[in-house]
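In what follows, a single structure is set out as structure tokens and then discussed.
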Amino acid sequence: MGAESDKQRQILDGARAVFMASGFDGASMGEIARVAGVSKGTLYVYFDSKEALFEALILEAKRDLAEALFRLDAEDPDLHGALTDLGRRYLGKLMEPGHITIIRMVIGATEKFPRFGQAFYEAGPVKGVARLSAYLAAQVAAGRLRAMDTELGAKQFLHLCQAGLLTRLLFGAGGPVLEDEIEPRVTEAVRVFLAGYAPTD
């Protein structure tokens, strides 16, 4: 990694800390520069506005998330196991307080800057669904699942896994999610999904 990439990484790390602590509206470029350990002049060389910096941060967060969560081997015949592993990873990430904070920040800033919501949606949920959809399409082709709209099926599986959990976390209602809540949710999501899409013959 070159010096320029190191400096950009340093700025993004500082910006994440400030945005997480103060939210989008409460953050300032001066505070971001201070926390990142760079001058405001250096900061503006890399990002010409707070909006550009925030957008870069959320795109990075969601892209990395999609790549980390949706690692699926289309050749693996253990469909039940693959979906179970994905469900566990998905709910584990969903439970992270930092992840929920980012979602809240994006929602809060989207009314003023609609492109933030669109960018966040396209970089994360859309990419994750596309990866899962491609995996499901391979399972249909292999005869392990019946013919389906695989994009819709991907969305259904993810919603079965979280089944209201995201709403609960976004509103801070019902207390923290406990580890022992994950396994039953994932087990039931896989069971219902396969009951709906398993081959009929």
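Every chain in the structure tokens has a letter given in the order shown (A, B, ...), and although residue numbers restart at 1 in each chain, ligands are simply numbered from 1 in the order shown.
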Report as a count of residues only all protein, DNA and RNA residues lying within 8 Å of Arg144 in chain A, evaluated on only C-alpha atoms, omitting residues in the same chain fewer than 3 positions from it. 7
For Arg131 in chain A, find every residue with an atom within 12 Å (counting only C-alpha atoms), except residues of its own chain fewer than 2 positions away, and show them as an NGL selection string. :A and (66-74 or 86 or 124-129 or 133-138 or 150-151 or 153-155)
Restricting it to C-alpha atoms, dump the selection as a PDB file, in the first residue's frame.
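Result went into again_29.pdb, see below:
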```pdb
ATOM      1  CA  ALA A  66     -21.187  -7.687   0.985  1.00  0.00           C
ATOM      2  CA  GLU A  67     -17.854  -9.295   0.134  1.00  0.00           C
ATOM      3  CA  ALA A  68     -17.356 -10.674   3.640  1.00  0.00           C
ATOM      4  CA  LEU A  69     -20.864 -12.027   4.164  1.00  0.00           C
ATOM      5  CA  PHE A  70     -21.783 -13.449   0.791  1.00  0.00           C
ATOM      6  CA  ARG A  71     -18.970 -15.928   0.220  1.00  0.00           C
ATOM      7  CA  LEU A  72     -20.862 -18.761  -1.434  1.00  0.00           C
ATOM      8  CA  ASP A  73     -19.504 -21.732  -3.390  1.00  0.00           C
ATOM      9  CA  ALA A  74     -21.949 -22.554  -6.186  1.00  0.00           C
ATOM     10  CA  LEU A  86     -24.738 -17.404   5.581  1.00  0.00           C
ATOM     11  CA  GLY A 124     -24.589  -3.244   0.184  1.00  0.00           C
ATOM     12  CA  PRO A 125     -28.063  -4.783  -0.075  1.00  0.00           C
ATOM     13  CA  VAL A 126     -28.128  -4.864  -3.882  1.00  0.00           C
ATOM     14  CA  LYS A 127     -24.695  -6.521  -4.130  1.00  0.00           C
ATOM     15  CA  GLY A 128     -25.468  -9.003  -1.364  1.00  0.00           C
ATOM     16  CA  VAL A 129     -28.767  -9.999  -2.955  1.00  0.00           C
ATOM     17  CA  SER A 133     -29.278 -14.768  -6.228  1.00  0.00           C
ATOM     18  CA  ALA A 134     -26.425 -16.094  -8.384  1.00  0.00           C
ATOM     19  CA  TYR A 135     -25.804 -18.860  -5.846  1.00  0.00           C
ATOM     20  CA  LEU A 136     -29.489 -19.820  -5.817  1.00  0.00           C
ATOM     21  CA  ALA A 137     -29.564 -19.825  -9.627  1.00  0.00           C
ATOM     22  CA  ALA A 138     -26.689 -22.338  -9.602  1.00  0.00           C
ATOM     23  CA  THR A 150     -33.818 -16.092  -7.556  1.00  0.00           C
ATOM     24  CA  GLU A 151     -33.585 -12.369  -6.752  1.00  0.00           C
ATOM     25  CA  GLY A 153     -35.792 -15.805  -3.246  1.00  0.00           C
ATOM     26  CA  ALA A 154     -32.566 -14.176  -2.026  1.00  0.00           C
ATOM     27  CA  LYS A 155     -34.502 -11.301  -0.470  1.00  0.00           C
TER      28      LYS A 155
END
```
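Minimum atom-to-atom distances from A:Ala56, A:Leu169, A:Ala142, A:Leu194 to Ala123 in chain A were compared using only C-alpha atoms, and the lowest value belongs to A:Ala56.
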Distance query range 185-190 of chain A at most 9 Å, only C-alpha atoms, self and fewer than 5 positions along chain excluded, as a list in words: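 Neighbouring residues, sequence-local ones excluded: His80, Leu83, Thr84, Asp85, Leu86, Gly87, Arg88, Leu91, Phe157, Leu158, His159, Leu160, Cys161, Gln162, Ala163 and Ala195 of chain A.
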With C-alpha atoms retained, export the selected residues as an mmCIF file, in the first residue's frame.
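See part.cif below for the written result:
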```
data_model
loop_
_atom_site.group_PDB
_atom_site.id
_atom_site.type_symbol
_atom_site.label_atom_id
_atom_site.label_comp_id
_atom_site.auth_asym_id
_atom_site.auth_seq_id
_atom_site.Cartn_x
_atom_site.Cartn_y
_atom_site.Cartn_z
ATOM 1 C CA HIS A 80 -28.616 -26.509 3.918
ATOM 2 C CA LEU A 83 -27.556 -21.207 3.873
ATOM 3 C CA THR A 84 -27.096 -21.877 7.589
ATOM 4 C CA ASP A 85 -23.555 -20.458 7.529
ATOM 5 C CA LEU A 86 -24.738 -17.404 5.581
ATOM 6 C CA GLY A 87 -27.605 -16.814 7.998
ATOM 7 C CA ARG A 88 -25.255 -16.931 10.976
ATOM 8 C CA LEU A 91 -27.245 -11.988 11.745
ATOM 9 C CA PHE A 157 -34.202 -15.747 2.733
ATOM 10 C CA LEU A 158 -32.495 -12.697 4.240
ATOM 11 C CA HIS A 159 -35.805 -11.364 5.543
ATOM 12 C CA LEU A 160 -36.635 -14.758 7.023
ATOM 13 C CA CYS A 161 -33.327 -14.665 8.890
ATOM 14 C CA GLN A 162 -33.792 -11.250 10.443
ATOM 15 C CA ALA A 163 -37.641 -11.364 10.680
ATOM 16 C CA ALA A 195 -39.827 -26.061 2.457
#
```
Minimum-distance residue to Gly98 in chain A, chosen among A:Thr110, A:Leu170, A:Phe47, A:Ala119 (using only C-alpha atoms):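 Counting only C-alpha atoms, the residue closest to Gly98 in chain A is A:Leu170.
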Write out as a PDB file with N, CA and C atoms, in the first residue's frame each polymer residue whose atoms come within 12 Å of Ile102 in chain A, counting only C-alpha atoms; drop sequence neighbours fewer than 2 positions from it.
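As written to disk, out-v5.pdb reads:
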```pdb
ATOM      1  N   ARG A  16     -14.527   7.973  10.283  1.00  0.00           N
ATOM      2  CA  ARG A  16     -15.461   6.993  10.855  1.00  0.00           C
ATOM      3  C   ARG A  16     -15.660   7.268  12.341  1.00  0.00           C
ATOM      4  N   ALA A  17     -14.570   7.519  13.047  1.00  0.00           N
ATOM      5  CA  ALA A  17     -14.674   7.781  14.489  1.00  0.00           C
ATOM      6  C   ALA A  17     -15.524   9.018  14.762  1.00  0.00           C
ATOM      7  N   VAL A  18     -15.328  10.068  13.978  1.00  0.00           N
ATOM      8  CA  VAL A  18     -16.070  11.317  14.199  1.00  0.00           C
ATOM      9  C   VAL A  18     -17.535  11.149  13.822  1.00  0.00           C
ATOM     10  N   PHE A  19     -17.800  10.544  12.685  1.00  0.00           N
ATOM     11  CA  PHE A  19     -19.192  10.345  12.262  1.00  0.00           C
ATOM     12  C   PHE A  19     -19.943   9.453  13.255  1.00  0.00           C
ATOM     13  N   MET A  20     -19.274   8.413  13.751  1.00  0.00           N
ATOM     14  CA  MET A  20     -19.931   7.503  14.696  1.00  0.00           C
ATOM     15  C   MET A  20     -20.246   8.220  16.005  1.00  0.00           C
ATOM     16  N   ALA A  21     -19.371   9.147  16.404  1.00  0.00           N
ATOM     17  CA  ALA A  21     -19.566   9.854  17.672  1.00  0.00           C
ATOM     18  C   ALA A  21     -20.561  11.003  17.544  1.00  0.00           C
ATOM     19  N   SER A  22     -20.542  11.698  16.394  1.00  0.00           N
ATOM     20  CA  SER A  22     -21.304  12.948  16.263  1.00  0.00           C
ATOM     21  C   SER A  22     -22.421  12.902  15.237  1.00  0.00           C
ATOM     22  N   GLY A  23     -22.484  11.839  14.426  1.00  0.00           N
ATOM     23  CA  GLY A  23     -23.459  11.804  13.344  1.00  0.00           C
ATOM     24  C   GLY A  23     -22.998  12.673  12.185  1.00  0.00           C
ATOM     25  N   PHE A  24     -23.733  12.600  11.087  1.00  0.00           N
ATOM     26  CA  PHE A  24     -23.329  13.362   9.901  1.00  0.00           C
ATOM     27  C   PHE A  24     -23.408  14.867  10.154  1.00  0.00           C
ATOM     28  N   PHE A  54     -18.177  11.294   3.635  1.00  0.00           N
ATOM     29  CA  PHE A  54     -19.203  10.410   4.186  1.00  0.00           C
ATOM     30  C   PHE A  54     -19.611   9.354   3.171  1.00  0.00           C
ATOM     31  N   GLU A  55     -19.785   9.783   1.928  1.00  0.00           N
ATOM     32  CA  GLU A  55     -20.186   8.840   0.890  1.00  0.00           C
ATOM     33  C   GLU A  55     -19.114   7.779   0.669  1.00  0.00           C
ATOM     34  N   LEU A  57     -17.028   6.694   2.831  1.00  0.00           N
ATOM     35  CA  LEU A  57     -17.010   5.831   4.005  1.00  0.00           C
ATOM     36  C   LEU A  57     -18.133   4.798   3.960  1.00  0.00           C
ATOM     37  N   ILE A  58     -19.340   5.232   3.603  1.00  0.00           N
ATOM     38  CA  ILE A  58     -20.451   4.281   3.595  1.00  0.00           C
ATOM     39  C   ILE A  58     -20.330   3.293   2.443  1.00  0.00           C
ATOM     40  N   LEU A  59     -19.781   3.743   1.317  1.00  0.00           N
ATOM     41  CA  LEU A  59     -19.577   2.814   0.204  1.00  0.00           C
ATOM     42  C   LEU A  59     -18.575   1.738   0.588  1.00  0.00           C
ATOM     43  N   GLU A  60     -17.511   2.139   1.239  1.00  0.00           N
ATOM     44  CA  GLU A  60     -16.498   1.180   1.671  1.00  0.00           C
ATOM     45  C   GLU A  60     -17.080   0.186   2.665  1.00  0.00           C
ATOM     46  N   ALA A  61     -17.838   0.698   3.625  1.00  0.00           N
ATOM     47  CA  ALA A  61     -18.411  -0.162   4.661  1.00  0.00           C
ATOM     48  C   ALA A  61     -19.333  -1.216   4.051  1.00  0.00           C
ATOM     49  N   LYS A  62     -20.196  -0.811   3.147  1.00  0.00           N
ATOM     50  CA  LYS A  62     -21.155  -1.750   2.587  1.00  0.00           C
ATOM     51  C   LYS A  62     -20.505  -2.702   1.582  1.00  0.00           C
ATOM     52  N   LEU A  94     -25.419  -8.083  11.546  1.00  0.00           N
ATOM     53  CA  LEU A  94     -26.570  -7.224  11.814  1.00  0.00           C
ATOM     54  C   LEU A  94     -26.598  -6.780  13.271  1.00  0.00           C
ATOM     55  N   GLU A  96     -24.106  -6.106  15.226  1.00  0.00           N
ATOM     56  CA  GLU A  96     -23.018  -5.229  15.653  1.00  0.00           C
ATOM     57  C   GLU A  96     -23.519  -3.799  15.823  1.00  0.00           C
ATOM     58  N   PRO A  97     -23.297  -3.185  16.995  1.00  0.00           N
ATOM     59  CA  PRO A  97     -23.776  -1.819  17.223  1.00  0.00           C
ATOM     60  C   PRO A  97     -23.264  -0.821  16.182  1.00  0.00           C
ATOM     61  N   GLY A  98     -22.011  -0.983  15.756  1.00  0.00           N
ATOM     62  CA  GLY A  98     -21.463  -0.065  14.761  1.00  0.00           C
ATOM     63  C   GLY A  98     -22.204  -0.131  13.439  1.00  0.00           C
ATOM     64  N   HIS A  99     -22.653  -1.323  13.074  1.00  0.00           N
ATOM     65  CA  HIS A  99     -23.394  -1.487  11.825  1.00  0.00           C
ATOM     66  C   HIS A  99     -24.734  -0.765  11.904  1.00  0.00           C
ATOM     67  N   ILE A 100     -25.419  -0.907  13.026  1.00  0.00           N
ATOM     68  CA  ILE A 100     -26.702  -0.236  13.213  1.00  0.00           C
ATOM     69  C   ILE A 100     -26.512   1.277  13.235  1.00  0.00           C
ATOM     70  N   ARG A 104     -28.381   3.996  10.778  1.00  0.00           N
ATOM     71  CA  ARG A 104     -29.122   5.153  11.298  1.00  0.00           C
ATOM     72  C   ARG A 104     -28.579   6.457  10.719  1.00  0.00           C
ATOM     73  N   MET A 105     -27.253   6.582  10.646  1.00  0.00           N
ATOM     74  CA  MET A 105     -26.650   7.803  10.098  1.00  0.00           C
ATOM     75  C   MET A 105     -27.067   8.024   8.654  1.00  0.00           C
ATOM     76  N   VAL A 106     -27.026   6.952   7.872  1.00  0.00           N
ATOM     77  CA  VAL A 106     -27.386   7.070   6.459  1.00  0.00           C
ATOM     78  C   VAL A 106     -28.850   7.462   6.320  1.00  0.00           C
ATOM     79  N   ILE A 107     -29.720   6.827   7.088  1.00  0.00           N
ATOM     80  CA  ILE A 107     -31.142   7.172   7.032  1.00  0.00           C
ATOM     81  C   ILE A 107     -31.343   8.639   7.407  1.00  0.00           C
ATOM     82  N   GLY A 108     -30.637   9.091   8.452  1.00  0.00           N
ATOM     83  CA  GLY A 108     -30.774  10.466   8.897  1.00  0.00           C
ATOM     84  C   GLY A 108     -30.303  11.480   7.871  1.00  0.00           C
ATOM     85  N   ALA A 109     -29.249  11.126   7.118  1.00  0.00           N
ATOM     86  CA  ALA A 109     -28.691  12.064   6.144  1.00  0.00           C
ATOM     87  C   ALA A 109     -29.376  11.992   4.786  1.00  0.00           C
ATOM     88  N   PHE A 116     -27.014   9.503  -0.775  1.00  0.00           N
ATOM     89  CA  PHE A 116     -26.392   8.667   0.253  1.00  0.00           C
ATOM     90  C   PHE A 116     -27.153   7.352   0.402  1.00  0.00           C
ATOM     91  N   GLY A 117     -28.473   7.458   0.502  1.00  0.00           N
ATOM     92  CA  GLY A 117     -29.284   6.254   0.644  1.00  0.00           C
ATOM     93  C   GLY A 117     -29.161   5.350  -0.558  1.00  0.00           C
ATOM     94  N   PHE A 120     -25.672   3.693  -0.549  1.00  0.00           N
ATOM     95  CA  PHE A 120     -25.604   2.685   0.509  1.00  0.00           C
ATOM     96  C   PHE A 120     -26.362   1.430   0.089  1.00  0.00           C
ATOM     97  N   LEU A 170     -32.870  -0.969  15.035  1.00  0.00           N
ATOM     98  CA  LEU A 170     -32.863   0.427  14.604  1.00  0.00           C
ATOM     99  C   LEU A 170     -33.564   1.326  15.609  1.00  0.00           C
TER     100      LEU A 170
END
```
Quick check for you: according to DSSP on this backbone, which residues of range 21-116 of chain A are classed as helix (DSSP H, G or I)? Reply as number ranges by chain. A: 21-26, 29-36, 40-46, 50-69, 79-94, 97-110, 114-116
8 Å contact set for range 31-39 of chain A, only C-alpha atoms, chain neighbours under 3 positions out, as a list in words: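 In the requested form, the answer reads Gln10, Ile11, Leu12, Asp13, Gly14, Ala15, Ala17, Val18, Ala27, Ser28, Thr42 and Leu43 of chain A.
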The distance between CA of Leu166 in chain A and CA of Glu183 in chain A is 16.2 Å
Nearest residue to Arg146 in chain A out of A:Thr200, A:Lys112, A:Lys7, A:Ile103, using only C-alpha atoms? A:Thr200
re CA of Phe193 in chain A and CA of Gly143 in chain A: distance 15.6 Å
